[in-house]
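Input: a single structure, listed below in structure tokens.
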Amino acid sequence: MVELVAERADRLRARIRELTDRPVTLVAVTKGHPPEIAAAALAAGCVDLGESYAQELVPKAAALADGDVAPRWHFIGRLQSNKVRALAGIVTLWHTIDRDSLAVEVARRSPGASVLVQLDLAGLPGRGGCDPAEVPALVGRCRELGLDVRGLMGVGAPGTPEDARPGFRLLDDLAGELGLDERSMGMSGDLEVAVEQGATLVRVGTALVGPRS
Ligand SMILES: *Cc1c(COP(=O)(O)O)cnc(C)c1O
């Protein structure tokens, strides 16, 4: 598995280099896979690991805590405030800050934490992310709370990869207007379009570690 993941990661990185000169961080998403797969991704050189569920991340982080290389854990899922406490001290970058109450809780449990503000790119309720019009105010609020706002995050609109492009463009424009460096956008299905539109972090699961059970 380590060889297979390493080979896929090499191919993905090569493809990204064909598309851009910018550095793009590959976040390996192992949600729905056991800790052994996360360990394989780490051994394959994927130091940035993404998880969507607190109840999965906490035991995985514990399982990987004693290795030679410390993973950087990215939390990429919908987040309930009551899960923040368990994740503080584990998460390196919180991708899914999409409301005031969540920002308050992250600032309380993990002062000065690095965060991304998530916006809804598809107008689909229930998938997380604030209305794009609310982004400037939420970024300002996070800063007031002492959080280190590194950038914006979004999930591409469903459909073909091209269907995701307008949303990615919007995210890139907004990040530029707000002077933010990081753009977390693009998954297995739409990562090329995301890189073309300025992604600095791509979150890749299936294309790296195979389908989830
Ligand atoms: C699961 C997930 C990913 C990875 O999805 P793949 O299609 O398997 O690459 C990326 N981002 C978010 C927010 C996810 O929930």
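How things are named: the first chain in the structure tokens is A, the next is B, and so on; residues count from 1 in each chain; ligands count from 1 in the order shown.
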- Show me which residues sit within 10 Å of ligand 1 when counting only C-alpha atoms and all ligand atoms, and put them as number ranges by chain. A: 27-32, 50-53, 75-78, 95-96, 118, 127-128, 153-156, 184-191, 202-212
- Task: Using DSSP on the backbone coordinates, identify the residues of region 110-192 of chain A assigned to strand (DSSP E); present them as an MDAnalysis selection string.
- Result: chainID A and resid 114:118 148:153 182:184
- Exercise: Gly89 (chain A) partners within 10 Å, only C-alpha atoms, chain neighbours under 3 positions left out, as an MDAnalysis selection string: chainID A and resid 84:86 92 109:110 113
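The nearest approach to Asp10 (chain A) among the residues A:Val24, A:Ala194, A:Ala38, A:Ala44, with only C-alpha atoms taken into account, belongs to A:Ala44.
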- Message: Let me make sure I understand: among A:Leu178, A:Leu152, A:Leu42, A:Val117, which one has the smallest atom-to-atom distance to Thr200 (chain A) if we use only C-alpha atoms?
- Response: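 Under the stated criterion, the closest residue is A:Leu152.
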- Item | Nearest candidate to Pro125 (chain A) (options A:Ala157, A:Ser81, A:Leu93, A:Leu145; using only C-alpha atoms) | A:Ala157
- Task: Write out as a ChimeraX atom specification the residues lying within 8 Å of Val58 (chain A), counting only C-alpha atoms and excluding same-chain residues fewer than 2 positions away.
- Result: /A:54-56,60-62,86-87,90
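Nearest residue to Pro34 (chain A), choosing from A:Pro158, A:Glu134, A:Leu19, A:Ala63 and counting only C-alpha atoms: A:Ala63.
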- Name the residues in contact with Asp181 (chain A) at a cut-off of 12 Å, using only C-alpha atoms, excluding same-chain residues fewer than 3 positions from it; report them as a PyMOL selection string. chain A and resi 22-24+115-116+148-153+171-178+184+198-201
Output as a compact mmCIF listing (two decimals) with N, CA, C and O atoms, in the first residue's frame all residues of region 3-204 of chain A that backbone DSSP marks as alpha helix (DSSP H).
```txt
# COMPACT_ATOMS: atom_id res chain seq x y z
N GLU A 3 3.78 1.71 -1.35
CA GLU A 3 4.29 1.93 -2.71
C GLU A 3 3.19 2.49 -3.61
O GLU A 3 3.43 3.41 -4.39
N LEU A 4 2.00 1.91 -3.49
CA LEU A 4 0.89 2.34 -4.34
C LEU A 4 0.52 3.80 -4.06
O LEU A 4 0.35 4.60 -4.99
N VAL A 5 0.42 4.15 -2.79
CA VAL A 5 0.08 5.53 -2.43
C VAL A 5 1.19 6.47 -2.88
O VAL A 5 0.92 7.55 -3.42
N ALA A 6 2.44 6.06 -2.69
CA ALA A 6 3.58 6.91 -3.09
C ALA A 6 3.56 7.15 -4.60
O ALA A 6 3.80 8.27 -5.07
N GLU A 7 3.25 6.08 -5.34
CA GLU A 7 3.19 6.20 -6.80
C GLU A 7 2.08 7.16 -7.24
O GLU A 7 2.28 8.02 -8.09
N ARG A 8 0.91 7.00 -6.62
CA ARG A 8 -0.22 7.89 -6.95
C ARG A 8 0.10 9.33 -6.55
O ARG A 8 -0.23 10.27 -7.28
N ALA A 9 0.73 9.51 -5.38
CA ALA A 9 1.07 10.86 -4.92
C ALA A 9 2.07 11.50 -5.89
O ALA A 9 1.93 12.67 -6.24
N ASP A 10 3.05 10.72 -6.33
CA ASP A 10 4.04 11.24 -7.29
C ASP A 10 3.35 11.69 -8.57
O ASP A 10 3.65 12.74 -9.13
N ARG A 11 2.42 10.85 -9.05
CA ARG A 11 1.73 11.18 -10.29
C ARG A 11 0.87 12.45 -10.13
O ARG A 11 0.85 13.31 -11.00
N LEU A 12 0.18 12.54 -8.99
CA LEU A 12 -0.64 13.73 -8.74
C LEU A 12 0.23 14.98 -8.66
O LEU A 12 -0.10 16.02 -9.22
N ARG A 13 1.36 14.87 -7.97
CA ARG A 13 2.25 16.04 -7.83
C ARG A 13 2.81 16.45 -9.19
O ARG A 13 2.93 17.65 -9.49
N ALA A 14 3.13 15.45 -10.01
CA ALA A 14 3.67 15.75 -11.35
C ALA A 14 2.60 16.47 -12.19
O ALA A 14 2.89 17.43 -12.89
N ARG A 15 1.38 15.98 -12.09
CA ARG A 15 0.28 16.60 -12.84
C ARG A 15 0.07 18.05 -12.37
O ARG A 15 -0.14 18.96 -13.18
N ILE A 16 0.14 18.26 -11.07
CA ILE A 16 -0.03 19.62 -10.52
C ILE A 16 1.08 20.53 -11.03
O ILE A 16 0.83 21.67 -11.43
N ARG A 17 2.31 19.99 -11.08
CA ARG A 17 3.44 20.81 -11.57
C ARG A 17 3.28 21.18 -13.04
O ARG A 17 3.76 22.22 -13.48
N GLU A 18 2.59 20.30 -13.80
CA GLU A 18 2.32 20.64 -15.20
C GLU A 18 1.36 21.82 -15.31
O GLU A 18 1.37 22.56 -16.28
N LEU A 19 0.51 21.96 -14.31
CA LEU A 19 -0.54 22.98 -14.37
C LEU A 19 -0.12 24.32 -13.76
O LEU A 19 -0.69 25.35 -14.11
N PRO A 35 -6.64 3.38 10.36
CA PRO A 35 -5.38 4.09 10.66
C PRO A 35 -4.20 3.58 9.84
O PRO A 35 -3.30 4.36 9.52
N GLU A 36 -4.22 2.30 9.48
CA GLU A 36 -3.10 1.73 8.70
C GLU A 36 -2.95 2.46 7.35
O GLU A 36 -1.83 2.60 6.85
N ILE A 37 -4.08 2.87 6.79
CA ILE A 37 -4.02 3.58 5.50
C ILE A 37 -3.46 4.99 5.69
O ILE A 37 -2.67 5.48 4.88
N ALA A 38 -3.85 5.62 6.80
CA ALA A 38 -3.28 6.94 7.09
C ALA A 38 -1.78 6.81 7.32
O ALA A 38 -0.98 7.64 6.85
N ALA A 39 -1.37 5.74 8.01
CA ALA A 39 0.06 5.50 8.24
C ALA A 39 0.78 5.25 6.93
O ALA A 39 1.92 5.70 6.74
N ALA A 40 0.11 4.56 6.00
CA ALA A 40 0.72 4.29 4.69
C ALA A 40 0.91 5.60 3.91
O ALA A 40 1.95 5.81 3.29
N ALA A 41 -0.09 6.47 3.98
CA ALA A 41 0.03 7.76 3.30
C ALA A 41 1.19 8.57 3.88
O ALA A 41 1.98 9.16 3.14
N LEU A 42 1.30 8.53 5.19
CA LEU A 42 2.39 9.24 5.86
C LEU A 42 3.75 8.67 5.43
O LEU A 42 4.67 9.42 5.08
N ALA A 43 3.84 7.35 5.42
CA ALA A 43 5.08 6.70 5.01
C ALA A 43 5.40 6.97 3.54
O ALA A 43 6.57 6.95 3.13
N ALA A 54 -14.63 13.96 13.69
CA ALA A 54 -13.87 14.01 14.94
C ALA A 54 -13.66 12.61 15.51
O ALA A 54 -12.57 12.26 15.96
N GLN A 55 -14.71 11.80 15.46
CA GLN A 55 -14.62 10.48 16.11
C GLN A 55 -13.66 9.56 15.37
O GLN A 55 -13.22 8.55 15.91
N GLU A 56 -13.33 9.91 14.15
CA GLU A 56 -12.35 9.13 13.39
C GLU A 56 -10.95 9.72 13.57
O GLU A 56 -9.96 8.99 13.64
N LEU A 57 -10.89 11.03 13.62
CA LEU A 57 -9.58 11.68 13.72
C LEU A 57 -8.90 11.40 15.06
O LEU A 57 -7.69 11.12 15.09
N VAL A 58 -9.66 11.45 16.15
CA VAL A 58 -9.02 11.32 17.46
C VAL A 58 -8.27 9.99 17.60
O VAL A 58 -7.08 9.99 17.92
N PRO A 59 -8.91 8.84 17.31
CA PRO A 59 -8.15 7.59 17.42
C PRO A 59 -7.03 7.45 16.37
O PRO A 59 -5.99 6.88 16.65
N LYS A 60 -7.25 7.99 15.18
CA LYS A 60 -6.20 7.91 14.15
C LYS A 60 -4.97 8.71 14.55
O LYS A 60 -3.84 8.27 14.37
N ALA A 61 -5.21 9.89 15.09
CA ALA A 61 -4.09 10.72 15.53
C ALA A 61 -3.31 10.00 16.63
O ALA A 61 -2.07 10.01 16.64
N ALA A 62 -4.04 9.34 17.52
CA ALA A 62 -3.37 8.59 18.60
C ALA A 62 -2.56 7.44 18.02
O ALA A 62 -1.43 7.19 18.43
N ALA A 63 -3.13 6.76 17.02
CA ALA A 63 -2.45 5.60 16.42
C ALA A 63 -1.17 6.02 15.71
O ALA A 63 -0.22 5.24 15.62
N VAL A 84 -15.07 20.45 19.12
CA VAL A 84 -13.84 21.24 18.99
C VAL A 84 -12.84 20.91 20.10
O VAL A 84 -11.64 20.77 19.86
N ARG A 85 -13.36 20.75 21.30
CA ARG A 85 -12.48 20.52 22.43
C ARG A 85 -11.60 19.28 22.23
O ARG A 85 -10.40 19.29 22.52
N ALA A 86 -12.23 18.20 21.73
CA ALA A 86 -11.49 16.95 21.54
C ALA A 86 -10.42 17.07 20.44
O ALA A 86 -9.45 16.32 20.42
N LEU A 87 -10.62 18.03 19.54
CA LEU A 87 -9.71 18.17 18.39
C LEU A 87 -8.59 19.18 18.63
O LEU A 87 -7.57 19.16 17.94
N ASP A 100 -19.95 32.19 13.15
CA ASP A 100 -19.41 32.88 14.30
C ASP A 100 -19.23 31.97 15.52
O ASP A 100 -18.18 31.97 16.16
N SER A 101 -20.27 31.20 15.84
CA SER A 101 -20.21 30.40 17.07
C SER A 101 -19.06 29.39 17.01
O SER A 101 -18.43 29.09 18.03
N LEU A 102 -18.77 28.88 15.83
CA LEU A 102 -17.68 27.91 15.68
C LEU A 102 -16.32 28.61 15.83
O LEU A 102 -15.41 28.08 16.48
N ALA A 103 -16.21 29.80 15.26
CA ALA A 103 -14.97 30.57 15.41
C ALA A 103 -14.70 30.85 16.89
O ALA A 103 -13.57 30.72 17.37
N VAL A 104 -15.76 31.21 17.61
CA VAL A 104 -15.62 31.51 19.05
C VAL A 104 -15.09 30.28 19.79
O VAL A 104 -14.17 30.36 20.60
N GLU A 105 -15.65 29.12 19.47
CA GLU A 105 -15.27 27.90 20.19
C GLU A 105 -13.83 27.48 19.85
O GLU A 105 -13.08 27.07 20.73
N VAL A 106 -13.45 27.60 18.58
CA VAL A 106 -12.07 27.25 18.20
C VAL A 106 -11.09 28.21 18.88
O VAL A 106 -10.06 27.78 19.41
N ALA A 107 -11.43 29.50 18.91
CA ALA A 107 -10.54 30.47 19.55
C ALA A 107 -10.42 30.20 21.05
O ALA A 107 -9.36 30.42 21.64
N ARG A 108 -11.49 29.70 21.64
CA ARG A 108 -11.48 29.42 23.07
C ARG A 108 -10.65 28.18 23.39
O ARG A 108 -9.88 28.17 24.35
N ARG A 109 -10.81 27.14 22.57
CA ARG A 109 -10.14 25.87 22.86
C ARG A 109 -8.73 25.79 22.30
O ARG A 109 -7.92 24.98 22.74
N VAL A 135 -18.42 36.29 3.91
CA VAL A 135 -17.02 35.93 4.15
C VAL A 135 -16.21 37.07 4.77
O VAL A 135 -15.51 36.86 5.77
N PRO A 136 -16.29 38.30 4.21
CA PRO A 136 -15.45 39.36 4.80
C PRO A 136 -15.72 39.58 6.29
O PRO A 136 -14.78 39.71 7.08
N ALA A 137 -16.99 39.56 6.67
CA ALA A 137 -17.33 39.78 8.08
C ALA A 137 -16.81 38.64 8.95
O ALA A 137 -16.30 38.85 10.06
N LEU A 138 -16.94 37.40 8.45
CA LEU A 138 -16.49 36.27 9.26
C LEU A 138 -14.96 36.24 9.38
O LEU A 138 -14.41 35.92 10.44
N VAL A 139 -14.28 36.62 8.30
CA VAL A 139 -12.81 36.72 8.37
C VAL A 139 -12.43 37.76 9.43
O VAL A 139 -11.54 37.52 10.27
N GLY A 140 -13.11 38.90 9.40
CA GLY A 140 -12.83 39.95 10.38
C GLY A 140 -13.08 39.49 11.80
O GLY A 140 -12.30 39.75 12.71
N ARG A 141 -14.15 38.77 11.98
CA ARG A 141 -14.52 38.26 13.30
C ARG A 141 -13.47 37.27 13.81
O ARG A 141 -13.08 37.30 14.97
N CYS A 142 -13.02 36.38 12.93
CA CYS A 142 -11.98 35.41 13.32
C CYS A 142 -10.72 36.15 13.77
O CYS A 142 -10.09 35.76 14.76
N ARG A 143 -10.38 37.20 13.05
CA ARG A 143 -9.17 37.96 13.42
C ARG A 143 -9.35 38.63 14.77
O ARG A 143 -8.44 38.63 15.60
N GLU A 144 -10.54 39.20 15.01
CA GLU A 144 -10.84 39.80 16.32
C GLU A 144 -10.65 38.79 17.44
O GLU A 144 -10.24 39.13 18.54
N PRO A 161 -16.32 18.50 -13.66
CA PRO A 161 -15.31 19.40 -13.10
C PRO A 161 -15.52 20.85 -13.55
O PRO A 161 -15.32 21.78 -12.77
N GLU A 162 -15.96 21.04 -14.80
CA GLU A 162 -16.19 22.40 -15.28
C GLU A 162 -17.29 23.11 -14.49
O GLU A 162 -17.27 24.33 -14.36
N ASP A 163 -18.25 22.33 -13.99
CA ASP A 163 -19.32 22.94 -13.18
C ASP A 163 -18.76 23.57 -11.90
O ASP A 163 -19.39 24.44 -11.30
N ALA A 164 -17.60 23.07 -11.46
CA ALA A 164 -17.01 23.59 -10.22
C ALA A 164 -16.21 24.87 -10.46
O ALA A 164 -15.92 25.61 -9.52
N ARG A 165 -15.87 25.14 -11.72
CA ARG A 165 -14.93 26.24 -12.00
C ARG A 165 -15.42 27.62 -11.52
O ARG A 165 -14.65 28.35 -10.88
N PRO A 166 -16.68 28.01 -11.78
CA PRO A 166 -17.09 29.35 -11.35
C PRO A 166 -16.95 29.55 -9.84
O PRO A 166 -16.54 30.63 -9.38
N GLY A 167 -17.28 28.53 -9.07
CA GLY A 167 -17.15 28.63 -7.61
C GLY A 167 -15.69 28.78 -7.20
O GLY A 167 -15.36 29.58 -6.31
N PHE A 168 -14.81 28.01 -7.83
CA PHE A 168 -13.39 28.12 -7.50
C PHE A 168 -12.86 29.52 -7.86
O PHE A 168 -12.05 30.09 -7.14
N ARG A 169 -13.34 30.04 -8.98
CA ARG A 169 -12.91 31.37 -9.38
C ARG A 169 -13.36 32.41 -8.35
O ARG A 169 -12.60 33.30 -7.97
N LEU A 170 -14.60 32.26 -7.89
CA LEU A 170 -15.13 33.16 -6.86
C LEU A 170 -14.28 33.09 -5.60
O LEU A 170 -13.93 34.12 -5.01
N LEU A 171 -13.94 31.88 -5.18
CA LEU A 171 -13.13 31.72 -3.97
C LEU A 171 -11.78 32.39 -4.13
O LEU A 171 -11.30 33.12 -3.24
N ASP A 172 -11.16 32.19 -5.29
CA ASP A 172 -9.85 32.79 -5.56
C ASP A 172 -9.94 34.32 -5.54
O ASP A 172 -9.09 35.00 -4.95
N ASP A 173 -10.98 34.86 -6.17
CA ASP A 173 -11.16 36.31 -6.20
C ASP A 173 -11.33 36.88 -4.78
O ASP A 173 -10.71 37.88 -4.41
N LEU A 174 -12.19 36.20 -4.00
CA LEU A 174 -12.45 36.67 -2.64
C LEU A 174 -11.19 36.63 -1.79
O LEU A 174 -10.89 37.57 -1.04
N ALA A 175 -10.43 35.54 -1.91
CA ALA A 175 -9.18 35.42 -1.15
C ALA A 175 -8.24 36.55 -1.53
O ALA A 175 -7.60 37.17 -0.67
N GLY A 176 -8.16 36.85 -2.82
CA GLY A 176 -7.31 37.94 -3.29
C GLY A 176 -7.74 39.28 -2.71
O GLY A 176 -6.91 40.04 -2.20
N GLU A 177 -9.04 39.54 -2.74
CA GLU A 177 -9.56 40.81 -2.22
C GLU A 177 -9.25 40.97 -0.73
O GLU A 177 -9.04 42.07 -0.25
N LEU A 191 -9.74 18.34 -9.11
CA LEU A 191 -8.53 19.00 -8.63
C LEU A 191 -7.79 19.75 -9.73
O LEU A 191 -7.17 20.78 -9.46
N GLU A 192 -7.88 19.28 -10.97
CA GLU A 192 -7.16 19.99 -12.03
C GLU A 192 -7.76 21.38 -12.25
O GLU A 192 -7.03 22.37 -12.37
N VAL A 193 -9.09 21.45 -12.28
CA VAL A 193 -9.76 22.74 -12.44
C VAL A 193 -9.42 23.64 -11.25
O VAL A 193 -9.15 24.84 -11.41
N ALA A 194 -9.41 23.06 -10.05
CA ALA A 194 -9.10 23.85 -8.85
C ALA A 194 -7.68 24.42 -8.93
O ALA A 194 -7.46 25.60 -8.61
N VAL A 195 -6.73 23.61 -9.37
CA VAL A 195 -5.34 24.09 -9.48
C VAL A 195 -5.26 25.19 -10.53
O VAL A 195 -4.60 26.21 -10.32
N GLU A 196 -5.96 25.01 -11.63
CA GLU A 196 -5.99 26.06 -12.66
C GLU A 196 -6.54 27.37 -12.12
O GLU A 196 -6.16 28.45 -12.56
```
- Item | Selection: 7 Å around Gly129 (chain A), only C-alpha atoms, excl. self and same-chain fewer than 6 positions, as an MDAnalysis selection string | chainID A and resid 98 118:120
- Point-to-point distance in Å for CA of Asn82 (chain A) and CA of Ala65 (chain A):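 Value for the CA of Ala65 (chain A)-CA of Asn82 (chain A) distance: 23.4 Å.
Of the residues under consideration (A:Ile97, A:Leu147, A:Leu64, A:Val91), A:Ile97 shows the shortest atom-to-atom contact distance to Leu79 (chain A) when counting only C-alpha atoms.
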